[in-house]
Amino acid sequence: MYIPKHFEQPSIESTHEFVEAYPFATLVTLRPDGLCGDQIPMQLNKAPQPYGTLVGHVARANPVWQFADGKEVLVIFSGPNAYISPSWYASKSATGKVVPTWNYAVVHAHGKLRVFTDPQWLKSHLEELTDRHESNLTSPWSISDAPTEFIENLLDHIVGVEIVISRLEDKRKLSQNRPQADRERVIAGLRGSGSHDMAELVEKGGTNARS
């Protein structure tokens with residue numbers, strides 16, 4: 001991924017926070033007939049250092065686990081994005097030399113995919129995944145709430161995937177290359193248009209708005 005220096009996010013801790021805040025990812029693999037993208041939630045484990053491991057699952061009927069096992073893959077985590085109008089810039093009235101752009105935040109994780117079919121591994125993964133996303137709910141649901149036979153049947157229809165991250169890229173294009181007056185106007189413009197998550201990211205200068 002092309003990352004100009006002023007859009008680079010060098011903190012692994014901040015990148016991990018971003019992945020945890022936006023876990024619904026695109027898994028990009030190379031099929032025999034070309035590139036393929038699958039959308040799946042990914043869970044981040046911070047070991048081994050420095051980048052950690054991504055864990056998820058796909059339907060057994062999805063052929064991705066057969067042709068991608070042991071192969072290099074790309075996992076894309078997309079955060080907030082928003083159109084930036086040149087009319088928001090304070091410098092528009094001074095020079096007129098402004099054009100539209102797009103602000104966004106994205107993380108690319110690279111590594112080799114491994115496949116897991118062991119029922120106990122899969123059940124443990126589902127328990128961790130659901131416990132995490134149910135934790136903030138008033139009445140959290142648990143795997144144990146469902147009939148055992150039902151869960152066992154479900155496990156027969158999914159396959160686990162794991163990617164030990166070998167390379168981690170984090171790009172935050174958040175108007176860092178604009179003068180402070182322009183940035184302040186961008187923040188106001190974003191809030192006025194309803195893009196509050198992006199406004200927070202621009203205001204914080206690239207750190208995770210949800211951390």
# chains A, B, ... in the order shown; residues from 1 in each chain; ligands from 1
$ select_by_dssp --residues "chain A" --states "helix (DSSP H, G or I)" --output "short mmCIF file (atom, residue, chain, number, x, y, z; two decimals) with N, CA and C atoms, in the first residue's frame"
data_model
loop_
_atom_site.label_atom_id
_atom_site.label_comp_id
_atom_site.auth_asym_id
_atom_site.auth_seq_id
_atom_site.Cartn_x
_atom_site.Cartn_y
_atom_site.Cartn_z
N LYS A 5 4.67 9.68 4.01
CA LYS A 5 5.15 9.71 5.38
C LYS A 5 4.16 10.39 6.33
N HIS A 6 3.51 11.49 5.88
CA HIS A 6 2.64 12.21 6.81
C HIS A 6 1.31 11.48 7.05
N PHE A 7 1.03 10.40 6.30
CA PHE A 7 -0.18 9.62 6.54
C PHE A 7 0.12 8.29 7.24
N ILE A 12 2.32 0.40 16.61
CA ILE A 12 1.66 -0.90 16.53
C ILE A 12 0.50 -0.96 17.51
N GLU A 13 0.66 -0.36 18.67
CA GLU A 13 -0.42 -0.35 19.67
C GLU A 13 -1.66 0.34 19.11
N SER A 14 -1.47 1.49 18.46
CA SER A 14 -2.59 2.21 17.86
C SER A 14 -3.21 1.40 16.73
N THR A 15 -2.39 0.71 15.94
CA THR A 15 -2.90 -0.12 14.86
C THR A 15 -3.72 -1.27 15.41
N HIS A 16 -3.26 -1.91 16.49
CA HIS A 16 -4.02 -2.97 17.13
C HIS A 16 -5.38 -2.45 17.63
N GLU A 17 -5.38 -1.26 18.20
CA GLU A 17 -6.63 -0.67 18.68
C GLU A 17 -7.59 -0.44 17.51
N PHE A 18 -7.05 -0.04 16.37
CA PHE A 18 -7.87 0.19 15.19
C PHE A 18 -8.50 -1.12 14.72
N VAL A 19 -7.71 -2.18 14.65
CA VAL A 19 -8.20 -3.49 14.21
C VAL A 19 -9.30 -3.98 15.15
N GLU A 20 -9.12 -3.76 16.44
CA GLU A 20 -10.12 -4.19 17.41
C GLU A 20 -11.39 -3.35 17.33
N ALA A 21 -11.25 -2.08 16.92
CA ALA A 21 -12.41 -1.20 16.80
C ALA A 21 -13.21 -1.46 15.53
N VAL A 64 -12.56 -21.00 -0.18
CA VAL A 64 -11.36 -20.23 0.15
C VAL A 64 -10.41 -21.02 1.04
N TRP A 65 -10.94 -21.81 1.98
CA TRP A 65 -10.07 -22.51 2.92
C TRP A 65 -9.30 -23.64 2.25
N GLN A 66 -9.79 -24.10 1.09
CA GLN A 66 -9.10 -25.17 0.38
C GLN A 66 -7.95 -24.66 -0.48
N PHE A 67 -8.18 -23.56 -1.20
CA PHE A 67 -7.12 -23.09 -2.09
C PHE A 67 -6.16 -22.11 -1.42
N PRO A 86 -13.43 21.16 -0.93
CA PRO A 86 -12.47 22.27 -0.90
C PRO A 86 -13.10 23.55 -0.36
N SER A 87 -14.42 23.62 -0.35
CA SER A 87 -15.08 24.81 0.18
C SER A 87 -14.90 24.93 1.69
N TRP A 88 -14.48 23.84 2.35
CA TRP A 88 -14.26 23.89 3.78
C TRP A 88 -12.93 24.55 4.14
N LYS A 92 -9.05 28.44 0.82
CA LYS A 92 -9.78 28.62 -0.44
C LYS A 92 -9.93 30.10 -0.79
N SER A 93 -10.28 30.91 0.21
CA SER A 93 -10.48 32.33 -0.05
C SER A 93 -9.16 33.07 -0.28
N ALA A 94 -8.06 32.48 0.21
CA ALA A 94 -6.76 33.14 0.08
C ALA A 94 -6.13 32.92 -1.29
N THR A 95 -6.17 31.68 -1.77
CA THR A 95 -5.49 31.36 -3.03
C THR A 95 -6.40 30.74 -4.09
N PRO A 119 -13.16 -29.47 16.08
CA PRO A 119 -14.37 -28.91 16.70
C PRO A 119 -14.08 -28.11 17.97
N GLN A 120 -13.14 -28.58 18.79
CA GLN A 120 -12.84 -27.87 20.03
C GLN A 120 -12.20 -26.52 19.74
N TRP A 121 -11.32 -26.47 18.75
CA TRP A 121 -10.70 -25.21 18.34
C TRP A 121 -11.77 -24.24 17.87
N LEU A 122 -12.67 -24.75 17.04
CA LEU A 122 -13.73 -23.90 16.49
C LEU A 122 -14.67 -23.40 17.59
N LYS A 123 -15.03 -24.26 18.51
CA LYS A 123 -15.93 -23.84 19.59
C LYS A 123 -15.27 -22.78 20.46
N SER A 124 -14.00 -22.97 20.79
CA SER A 124 -13.27 -21.99 21.59
C SER A 124 -13.22 -20.64 20.88
N HIS A 125 -12.97 -20.68 19.57
CA HIS A 125 -12.94 -19.45 18.78
C HIS A 125 -14.29 -18.74 18.80
N LEU A 126 -15.37 -19.49 18.59
CA LEU A 126 -16.70 -18.88 18.59
C LEU A 126 -17.06 -18.30 19.95
N GLU A 127 -16.65 -18.98 21.01
CA GLU A 127 -16.91 -18.48 22.36
C GLU A 127 -16.20 -17.14 22.59
N GLU A 128 -14.93 -17.06 22.19
CA GLU A 128 -14.17 -15.83 22.36
C GLU A 128 -14.75 -14.70 21.51
N LEU A 129 -15.12 -15.03 20.28
CA LEU A 129 -15.65 -14.03 19.36
C LEU A 129 -16.99 -13.47 19.86
N THR A 130 -17.89 -14.34 20.24
CA THR A 130 -19.20 -13.88 20.69
C THR A 130 -19.11 -13.19 22.06
N ASP A 131 -18.30 -13.71 22.95
CA ASP A 131 -18.16 -13.08 24.27
C ASP A 131 -17.67 -11.65 24.14
N ARG A 132 -16.74 -11.44 23.21
CA ARG A 132 -16.21 -10.08 23.02
C ARG A 132 -17.28 -9.13 22.52
N HIS A 133 -18.04 -9.55 21.51
CA HIS A 133 -19.01 -8.64 20.90
C HIS A 133 -20.32 -8.56 21.67
N GLU A 134 -20.55 -9.49 22.56
CA GLU A 134 -21.75 -9.45 23.40
C GLU A 134 -21.50 -8.72 24.72
N ILE A 143 -22.63 -18.88 23.85
CA ILE A 143 -22.72 -20.15 23.12
C ILE A 143 -23.50 -21.19 23.93
N SER A 144 -23.31 -21.17 25.25
CA SER A 144 -23.97 -22.15 26.12
C SER A 144 -25.48 -21.95 26.18
N ASP A 145 -25.99 -20.81 25.68
CA ASP A 145 -27.43 -20.58 25.66
C ASP A 145 -28.13 -21.43 24.62
N THR A 148 -26.73 -27.91 22.80
CA THR A 148 -25.44 -28.49 22.48
C THR A 148 -25.43 -29.14 21.09
N GLU A 149 -26.49 -29.89 20.78
CA GLU A 149 -26.56 -30.57 19.48
C GLU A 149 -26.57 -29.56 18.33
N PHE A 150 -27.27 -28.45 18.55
CA PHE A 150 -27.34 -27.40 17.53
C PHE A 150 -25.96 -26.82 17.26
N ILE A 151 -25.19 -26.53 18.32
CA ILE A 151 -23.84 -25.96 18.17
C ILE A 151 -22.91 -26.97 17.51
N GLU A 152 -23.00 -28.22 17.91
CA GLU A 152 -22.14 -29.25 17.32
C GLU A 152 -22.40 -29.38 15.82
N ASN A 153 -23.65 -29.26 15.44
CA ASN A 153 -23.99 -29.33 14.01
C ASN A 153 -23.43 -28.11 13.28
N LEU A 154 -23.50 -26.95 13.93
CA LEU A 154 -22.95 -25.72 13.35
C LEU A 154 -21.45 -25.85 13.11
N LEU A 155 -20.74 -26.45 14.05
CA LEU A 155 -19.29 -26.59 13.93
C LEU A 155 -18.90 -27.42 12.72
N GLN A 180 -3.20 24.24 9.82
CA GLN A 180 -4.08 24.05 10.96
C GLN A 180 -5.45 24.69 10.73
N ALA A 181 -5.49 25.86 10.11
CA ALA A 181 -6.77 26.53 9.86
C ALA A 181 -7.66 25.69 8.96
N ASP A 182 -7.06 25.04 7.97
CA ASP A 182 -7.82 24.17 7.08
C ASP A 182 -8.35 22.95 7.84
N ARG A 183 -7.50 22.39 8.69
CA ARG A 183 -7.90 21.22 9.48
C ARG A 183 -9.09 21.54 10.37
N GLU A 184 -9.06 22.70 10.99
CA GLU A 184 -10.17 23.10 11.86
C GLU A 184 -11.46 23.24 11.07
N ARG A 185 -11.36 23.78 9.86
CA ARG A 185 -12.54 23.92 9.02
C ARG A 185 -13.03 22.56 8.52
N VAL A 186 -12.09 21.65 8.26
CA VAL A 186 -12.45 20.29 7.84
C VAL A 186 -13.24 19.60 8.96
N ILE A 187 -12.77 19.72 10.17
CA ILE A 187 -13.45 19.11 11.32
C ILE A 187 -14.88 19.64 11.43
N ALA A 188 -15.03 20.95 11.30
CA ALA A 188 -16.37 21.55 11.37
C ALA A 188 -17.25 21.08 10.21
N GLY A 189 -16.65 21.01 9.00
CA GLY A 189 -17.40 20.55 7.84
C GLY A 189 -17.85 19.11 7.97
N LEU A 190 -16.98 18.26 8.49
CA LEU A 190 -17.32 16.86 8.69
C LEU A 190 -18.46 16.71 9.70
N ARG A 191 -18.38 17.44 10.78
CA ARG A 191 -19.44 17.35 11.79
C ARG A 191 -20.77 17.86 11.22
N GLY A 192 -20.68 18.92 10.42
CA GLY A 192 -21.88 19.46 9.81
C GLY A 192 -22.53 18.51 8.83
N HIS A 196 -19.15 12.15 11.94
CA HIS A 196 -18.58 12.42 13.27
C HIS A 196 -17.35 11.56 13.57
N ASP A 197 -17.35 10.28 13.14
CA ASP A 197 -16.19 9.43 13.39
C ASP A 197 -14.94 9.98 12.70
N MET A 198 -15.09 10.44 11.45
CA MET A 198 -13.95 11.00 10.74
C MET A 198 -13.53 12.32 11.37
N ALA A 199 -14.48 13.13 11.80
CA ALA A 199 -14.15 14.39 12.47
C ALA A 199 -13.30 14.14 13.71
N GLU A 200 -13.64 13.09 14.47
CA GLU A 200 -12.85 12.74 15.66
C GLU A 200 -11.44 12.34 15.30
N LEU A 201 -11.31 11.53 14.23
CA LEU A 201 -9.99 11.10 13.82
C LEU A 201 -9.12 12.28 13.38
N VAL A 202 -9.69 13.19 12.60
CA VAL A 202 -8.94 14.38 12.15
C VAL A 202 -8.54 15.21 13.36
N GLU A 203 -9.46 15.36 14.31
CA GLU A 203 -9.17 16.18 15.50
C GLU A 203 -8.06 15.57 16.34
N LYS A 204 -8.03 14.24 16.42
CA LYS A 204 -7.02 13.55 17.23
C LYS A 204 -5.71 13.37 16.47
#
$ residues_around --residues "Val73 in chain A" --least-positions-apart "6" --cutoff "7 Å" --atoms "only C-alpha atoms" --output "PyMOL selection string"
chain A and resi 28-29+110-113
$ write_last_selection --atoms "N, CA and C atoms" --output "short mmCIF file (atom, residue, chain, number, x, y, z; two decimals), in the first residue's frame"
data_model
loop_
_atom_site.label_atom_id
_atom_site.label_comp_id
_atom_site.auth_asym_id
_atom_site.auth_seq_id
_atom_site.Cartn_x
_atom_site.Cartn_y
_atom_site.Cartn_z
N VAL A 28 -8.44 -11.09 1.39
CA VAL A 28 -8.11 -11.13 -0.03
C VAL A 28 -7.18 -12.32 -0.29
N THR A 29 -7.61 -13.20 -1.19
CA THR A 29 -6.83 -14.39 -1.52
C THR A 29 -6.71 -14.51 -3.05
N HIS A 110 -0.73 -8.63 6.45
CA HIS A 110 -0.24 -9.67 5.55
C HIS A 110 0.23 -10.88 6.36
N GLY A 111 0.08 -12.07 5.78
CA GLY A 111 0.58 -13.27 6.43
C GLY A 111 0.08 -14.51 5.73
N LYS A 112 0.53 -15.67 6.20
CA LYS A 112 0.11 -16.95 5.62
C LYS A 112 -1.11 -17.49 6.37
N LEU A 113 -2.08 -17.98 5.61
CA LEU A 113 -3.32 -18.49 6.20
C LEU A 113 -3.16 -19.96 6.57
#
$ closest_residue --among "A:Gln39, A:Gln9, A:Ser195, A:Asn81" --to "Glu169 in chain A" --atoms "only C-alpha atoms"
A:Gln9
$ atom_distance --atom1 "CA of Asp170 in chain A" --atom2 "CA of His108 in chain A"
6.5 Å
$ closest_residue --among "A:Lys46, A:Glu72, A:Leu168, A:Gly34" --to "Ser11 in chain A" --atoms "only C-alpha atoms"
A:Leu168
$ residues_around --residues "Pro4 in chain A" --least-positions-apart "6" --cutoff "12 Å" --atoms "only C-alpha atoms" --output "list in words"
Glu169, Asp170, Lys171, Arg172, Lys173, Leu174, Gln176 and Asn177 of chain A
$ write_last_selection --atoms "N, CA and C atoms" --output "PDB file, in the first residue's frame"
ATOM      1  N   GLU A 169       0.443  -2.677   7.832  1.00  0.00           N
ATOM      2  CA  GLU A 169       0.494  -1.325   7.281  1.00  0.00           C
ATOM      3  C   GLU A 169      -0.734  -0.548   7.735  1.00  0.00           C
ATOM      4  N   ASP A 170      -0.509   0.687   8.175  1.00  0.00           N
ATOM      5  CA  ASP A 170      -1.585   1.507   8.744  1.00  0.00           C
ATOM      6  C   ASP A 170      -1.540   2.892   8.114  1.00  0.00           C
ATOM      7  N   LYS A 171      -2.565   3.222   7.349  1.00  0.00           N
ATOM      8  CA  LYS A 171      -2.608   4.526   6.683  1.00  0.00           C
ATOM      9  C   LYS A 171      -3.785   5.334   7.212  1.00  0.00           C
ATOM     10  N   ARG A 172      -3.489   6.534   7.720  1.00  0.00           N
ATOM     11  CA  ARG A 172      -4.538   7.449   8.196  1.00  0.00           C
ATOM     12  C   ARG A 172      -4.426   8.750   7.383  1.00  0.00           C
ATOM     13  N   LYS A 173      -5.241   8.878   6.355  1.00  0.00           N
ATOM     14  CA  LYS A 173      -5.245  10.096   5.540  1.00  0.00           C
ATOM     15  C   LYS A 173      -6.274  11.042   6.147  1.00  0.00           C
ATOM     16  N   LEU A 174      -5.809  11.955   6.981  1.00  0.00           N
ATOM     17  CA  LEU A 174      -6.696  12.739   7.838  1.00  0.00           C
ATOM     18  C   LEU A 174      -6.358  14.230   7.790  1.00  0.00           C
ATOM     19  N   GLN A 176      -3.576  15.654   7.458  1.00  0.00           N
ATOM     20  CA  GLN A 176      -2.357  16.056   8.165  1.00  0.00           C
ATOM     21  C   GLN A 176      -1.485  16.978   7.328  1.00  0.00           C
ATOM     22  N   ASN A 177      -1.663  16.953   5.996  1.00  0.00           N
ATOM     23  CA  ASN A 177      -0.833  17.773   5.115  1.00  0.00           C
ATOM     24  C   ASN A 177      -1.415  19.174   4.885  1.00  0.00           C
TER      25      ASN A 177
END
$ atom_distance --atom1 "CA of Phe77 in chain A" --atom2 "CA of Arg114 in chain A"
19.2 Å
$ select_by_dssp --residues "range 2-211 of chain A" --states "strand (DSSP E)" --output "PyMOL selection string"
chain A and resi 24-31+34-41+43-45+53-59+72-84+101-116+158-173
$ write_last_selection --atoms "C-alpha atoms" --output "PDB file, in the first residue's frame"
ATOM      1  CA  PHE A  24     -15.141  -6.670  10.078  1.00  0.00           C
ATOM      2  CA  ALA A  25     -12.480  -7.292   7.448  1.00  0.00           C
ATOM      3  CA  THR A  26     -11.967  -8.225   3.813  1.00  0.00           C
ATOM      4  CA  LEU A  27      -9.850 -11.344   3.348  1.00  0.00           C
ATOM      5  CA  VAL A  28      -8.110 -11.135  -0.032  1.00  0.00           C
ATOM      6  CA  THR A  29      -6.833 -14.393  -1.523  1.00  0.00           C
ATOM      7  CA  LEU A  30      -5.609 -15.609  -4.897  1.00  0.00           C
ATOM      8  CA  ARG A  31      -7.835 -18.283  -6.414  1.00  0.00           C
ATOM      9  CA  GLY A  34      -7.954 -14.765  -9.978  1.00  0.00           C
ATOM     10  CA  LEU A  35      -8.264 -12.586  -6.892  1.00  0.00           C
ATOM     11  CA  CYS A  36     -11.071 -13.193  -4.389  1.00  0.00           C
ATOM     12  CA  GLY A  37     -12.391 -11.121  -1.487  1.00  0.00           C
ATOM     13  CA  ASP A  38     -14.390 -12.483   1.463  1.00  0.00           C
ATOM     14  CA  GLN A  39     -15.891 -10.347   4.232  1.00  0.00           C
ATOM     15  CA  ILE A  40     -15.509 -11.893   7.680  1.00  0.00           C
ATOM     16  CA  PRO A  41     -15.079 -10.667  11.282  1.00  0.00           C
ATOM     17  CA  GLN A  43     -10.330 -11.440  16.113  1.00  0.00           C
ATOM     18  CA  LEU A  44      -6.884 -10.079  17.015  1.00  0.00           C
ATOM     19  CA  ASN A  45      -4.556 -11.925  19.362  1.00  0.00           C
ATOM     20  CA  THR A  53      -2.383 -13.109  14.935  1.00  0.00           C
ATOM     21  CA  LEU A  54      -5.784 -12.816  13.256  1.00  0.00           C
ATOM     22  CA  VAL A  55      -8.401 -15.514  13.799  1.00  0.00           C
ATOM     23  CA  GLY A  56     -11.731 -16.016  12.035  1.00  0.00           C
ATOM     24  CA  HIS A  57     -13.937 -18.579  10.340  1.00  0.00           C
ATOM     25  CA  VAL A  58     -15.672 -19.171   7.031  1.00  0.00           C
ATOM     26  CA  ALA A  59     -18.456 -21.451   5.841  1.00  0.00           C
ATOM     27  CA  GLU A  72       0.032 -15.561   1.526  1.00  0.00           C
ATOM     28  CA  VAL A  73      -3.123 -13.497   2.056  1.00  0.00           C
ATOM     29  CA  LEU A  74      -4.088  -9.881   2.669  1.00  0.00           C
ATOM     30  CA  VAL A  75      -6.612  -8.780   5.305  1.00  0.00           C
ATOM     31  CA  ILE A  76      -8.048  -5.249   4.969  1.00  0.00           C
ATOM     32  CA  PHE A  77      -9.617  -3.386   7.898  1.00  0.00           C
ATOM     33  CA  SER A  78     -11.512  -0.270   6.841  1.00  0.00           C
ATOM     34  CA  GLY A  79     -12.345   2.531   9.244  1.00  0.00           C
ATOM     35  CA  PRO A  80     -14.230   5.806   8.719  1.00  0.00           C
ATOM     36  CA  ASN A  81     -14.008   7.574   5.356  1.00  0.00           C
ATOM     37  CA  ALA A  82     -15.453  10.843   4.083  1.00  0.00           C
ATOM     38  CA  TYR A  83     -15.446  13.239   1.145  1.00  0.00           C
ATOM     39  CA  ILE A  84     -13.593  16.496   1.886  1.00  0.00           C
ATOM     40  CA  THR A 101     -10.137  14.851  -1.684  1.00  0.00           C
ATOM     41  CA  TRP A 102     -11.157  11.861   0.399  1.00  0.00           C
ATOM     42  CA  ASN A 103     -10.102  11.160   3.973  1.00  0.00           C
ATOM     43  CA  TYR A 104      -9.932   7.577   5.212  1.00  0.00           C
ATOM     44  CA  ALA A 105      -8.306   5.172   7.641  1.00  0.00           C
ATOM     45  CA  VAL A 106      -7.279   1.641   6.665  1.00  0.00           C
ATOM     46  CA  VAL A 107      -5.047  -1.174   7.915  1.00  0.00           C
ATOM     47  CA  HIS A 108      -3.526  -3.927   5.751  1.00  0.00           C
ATOM     48  CA  ALA A 109      -2.346  -7.125   7.449  1.00  0.00           C
ATOM     49  CA  HIS A 110      -0.238  -9.673   5.551  1.00  0.00           C
ATOM     50  CA  GLY A 111       0.580 -13.266   6.430  1.00  0.00           C
ATOM     51  CA  LYS A 112       0.111 -16.950   5.625  1.00  0.00           C
ATOM     52  CA  LEU A 113      -3.318 -18.494   6.195  1.00  0.00           C
ATOM     53  CA  ARG A 114      -3.721 -21.691   8.215  1.00  0.00           C
ATOM     54  CA  VAL A 115      -6.875 -23.784   8.353  1.00  0.00           C
ATOM     55  CA  PHE A 116      -8.414 -25.428  11.446  1.00  0.00           C
ATOM     56  CA  ILE A 158     -17.564 -23.896   9.406  1.00  0.00           C
ATOM     57  CA  VAL A 159     -13.773 -23.890   9.082  1.00  0.00           C
ATOM     58  CA  GLY A 160     -11.371 -21.818  11.171  1.00  0.00           C
ATOM     59  CA  VAL A 161      -8.687 -19.597   9.656  1.00  0.00           C
ATOM     60  CA  GLU A 162      -5.625 -18.083  11.320  1.00  0.00           C
ATOM     61  CA  ILE A 163      -3.077 -15.608   9.972  1.00  0.00           C
ATOM     62  CA  VAL A 164       0.127 -14.881  11.877  1.00  0.00           C
ATOM     63  CA  ILE A 165       0.793 -11.310  10.772  1.00  0.00           C
ATOM     64  CA  SER A 166       4.140 -10.876   9.016  1.00  0.00           C
ATOM     65  CA  ARG A 167       3.579  -7.267   7.857  1.00  0.00           C
ATOM     66  CA  LEU A 168       1.240  -4.577   9.141  1.00  0.00           C
ATOM     67  CA  GLU A 169       0.494  -1.325   7.281  1.00  0.00           C
ATOM     68  CA  ASP A 170      -1.585   1.507   8.744  1.00  0.00           C
ATOM     69  CA  LYS A 171      -2.608   4.526   6.683  1.00  0.00           C
ATOM     70  CA  ARG A 172      -4.538   7.449   8.196  1.00  0.00           C
ATOM     71  CA  LYS A 173      -5.245  10.096   5.540  1.00  0.00           C
TER      72      LYS A 173
END
$ atom_distance --atom1 "CA of Tyr22 in chain A" --atom2 "CA of Met42 in chain A"
9.1 Å
$ decode --residues "range 99-150 of chain A" --atoms "C-alpha atoms" --output "PDB file, in the first residue's frame"
ATOM      1  CA  VAL A  99      -9.406  20.636  -4.802  1.00  0.00           C
ATOM      2  CA  PRO A 100     -11.647  17.911  -3.340  1.00  0.00           C
ATOM      3  CA  THR A 101     -10.137  14.851  -1.684  1.00  0.00           C
ATOM      4  CA  TRP A 102     -11.157  11.861   0.399  1.00  0.00           C
ATOM      5  CA  ASN A 103     -10.102  11.160   3.973  1.00  0.00           C
ATOM      6  CA  TYR A 104      -9.932   7.577   5.212  1.00  0.00           C
ATOM      7  CA  ALA A 105      -8.306   5.172   7.641  1.00  0.00           C
ATOM      8  CA  VAL A 106      -7.279   1.641   6.665  1.00  0.00           C
ATOM      9  CA  VAL A 107      -5.047  -1.174   7.915  1.00  0.00           C
ATOM     10  CA  HIS A 108      -3.526  -3.927   5.751  1.00  0.00           C
ATOM     11  CA  ALA A 109      -2.346  -7.125   7.449  1.00  0.00           C
ATOM     12  CA  HIS A 110      -0.238  -9.673   5.551  1.00  0.00           C
ATOM     13  CA  GLY A 111       0.580 -13.266   6.430  1.00  0.00           C
ATOM     14  CA  LYS A 112       0.111 -16.950   5.625  1.00  0.00           C
ATOM     15  CA  LEU A 113      -3.318 -18.494   6.195  1.00  0.00           C
ATOM     16  CA  ARG A 114      -3.721 -21.691   8.215  1.00  0.00           C
ATOM     17  CA  VAL A 115      -6.875 -23.784   8.353  1.00  0.00           C
ATOM     18  CA  PHE A 116      -8.414 -25.428  11.446  1.00  0.00           C
ATOM     19  CA  THR A 117     -11.235 -27.995  11.436  1.00  0.00           C
ATOM     20  CA  ASP A 118     -10.943 -29.336  14.995  1.00  0.00           C
ATOM     21  CA  PRO A 119     -14.369 -28.907  16.699  1.00  0.00           C
ATOM     22  CA  GLN A 120     -12.840 -27.868  20.033  1.00  0.00           C
ATOM     23  CA  TRP A 121     -10.699 -25.205  18.345  1.00  0.00           C
ATOM     24  CA  LEU A 122     -13.732 -23.904  16.493  1.00  0.00           C
ATOM     25  CA  LYS A 123     -15.927 -23.842  19.594  1.00  0.00           C
ATOM     26  CA  SER A 124     -13.275 -21.992  21.588  1.00  0.00           C
ATOM     27  CA  HIS A 125     -12.937 -19.453  18.775  1.00  0.00           C
ATOM     28  CA  LEU A 126     -16.703 -18.883  18.592  1.00  0.00           C
ATOM     29  CA  GLU A 127     -16.911 -18.476  22.357  1.00  0.00           C
ATOM     30  CA  GLU A 128     -14.165 -15.829  22.361  1.00  0.00           C
ATOM     31  CA  LEU A 129     -15.650 -14.030  19.364  1.00  0.00           C
ATOM     32  CA  THR A 130     -19.198 -13.877  20.694  1.00  0.00           C
ATOM     33  CA  ASP A 131     -18.162 -13.080  24.269  1.00  0.00           C
ATOM     34  CA  ARG A 132     -16.210 -10.085  23.021  1.00  0.00           C
ATOM     35  CA  HIS A 133     -19.008  -8.639  20.904  1.00  0.00           C
ATOM     36  CA  GLU A 134     -21.751  -9.447  23.405  1.00  0.00           C
ATOM     37  CA  SER A 135     -19.876  -7.959  26.374  1.00  0.00           C
ATOM     38  CA  ASN A 136     -21.390  -4.482  26.054  1.00  0.00           C
ATOM     39  CA  LEU A 137     -24.987  -5.688  25.726  1.00  0.00           C
ATOM     40  CA  THR A 138     -27.472  -5.562  28.586  1.00  0.00           C
ATOM     41  CA  SER A 139     -28.353  -9.248  28.193  1.00  0.00           C
ATOM     42  CA  PRO A 140     -25.317 -10.856  26.515  1.00  0.00           C
ATOM     43  CA  TRP A 141     -25.835 -14.080  24.584  1.00  0.00           C
ATOM     44  CA  SER A 142     -23.488 -17.012  25.122  1.00  0.00           C
ATOM     45  CA  ILE A 143     -22.718 -20.149  23.121  1.00  0.00           C
ATOM     46  CA  SER A 144     -23.973 -22.151  26.116  1.00  0.00           C
ATOM     47  CA  ASP A 145     -27.432 -20.582  25.664  1.00  0.00           C
ATOM     48  CA  ALA A 146     -27.963 -22.671  22.528  1.00  0.00           C
ATOM     49  CA  PRO A 147     -28.642 -26.444  22.529  1.00  0.00           C
ATOM     50  CA  THR A 148     -25.437 -28.490  22.475  1.00  0.00           C
ATOM     51  CA  GLU A 149     -26.562 -30.572  19.484  1.00  0.00           C
ATOM     52  CA  PHE A 150     -27.341 -27.396  17.532  1.00  0.00           C
TER      53      PHE A 150
END
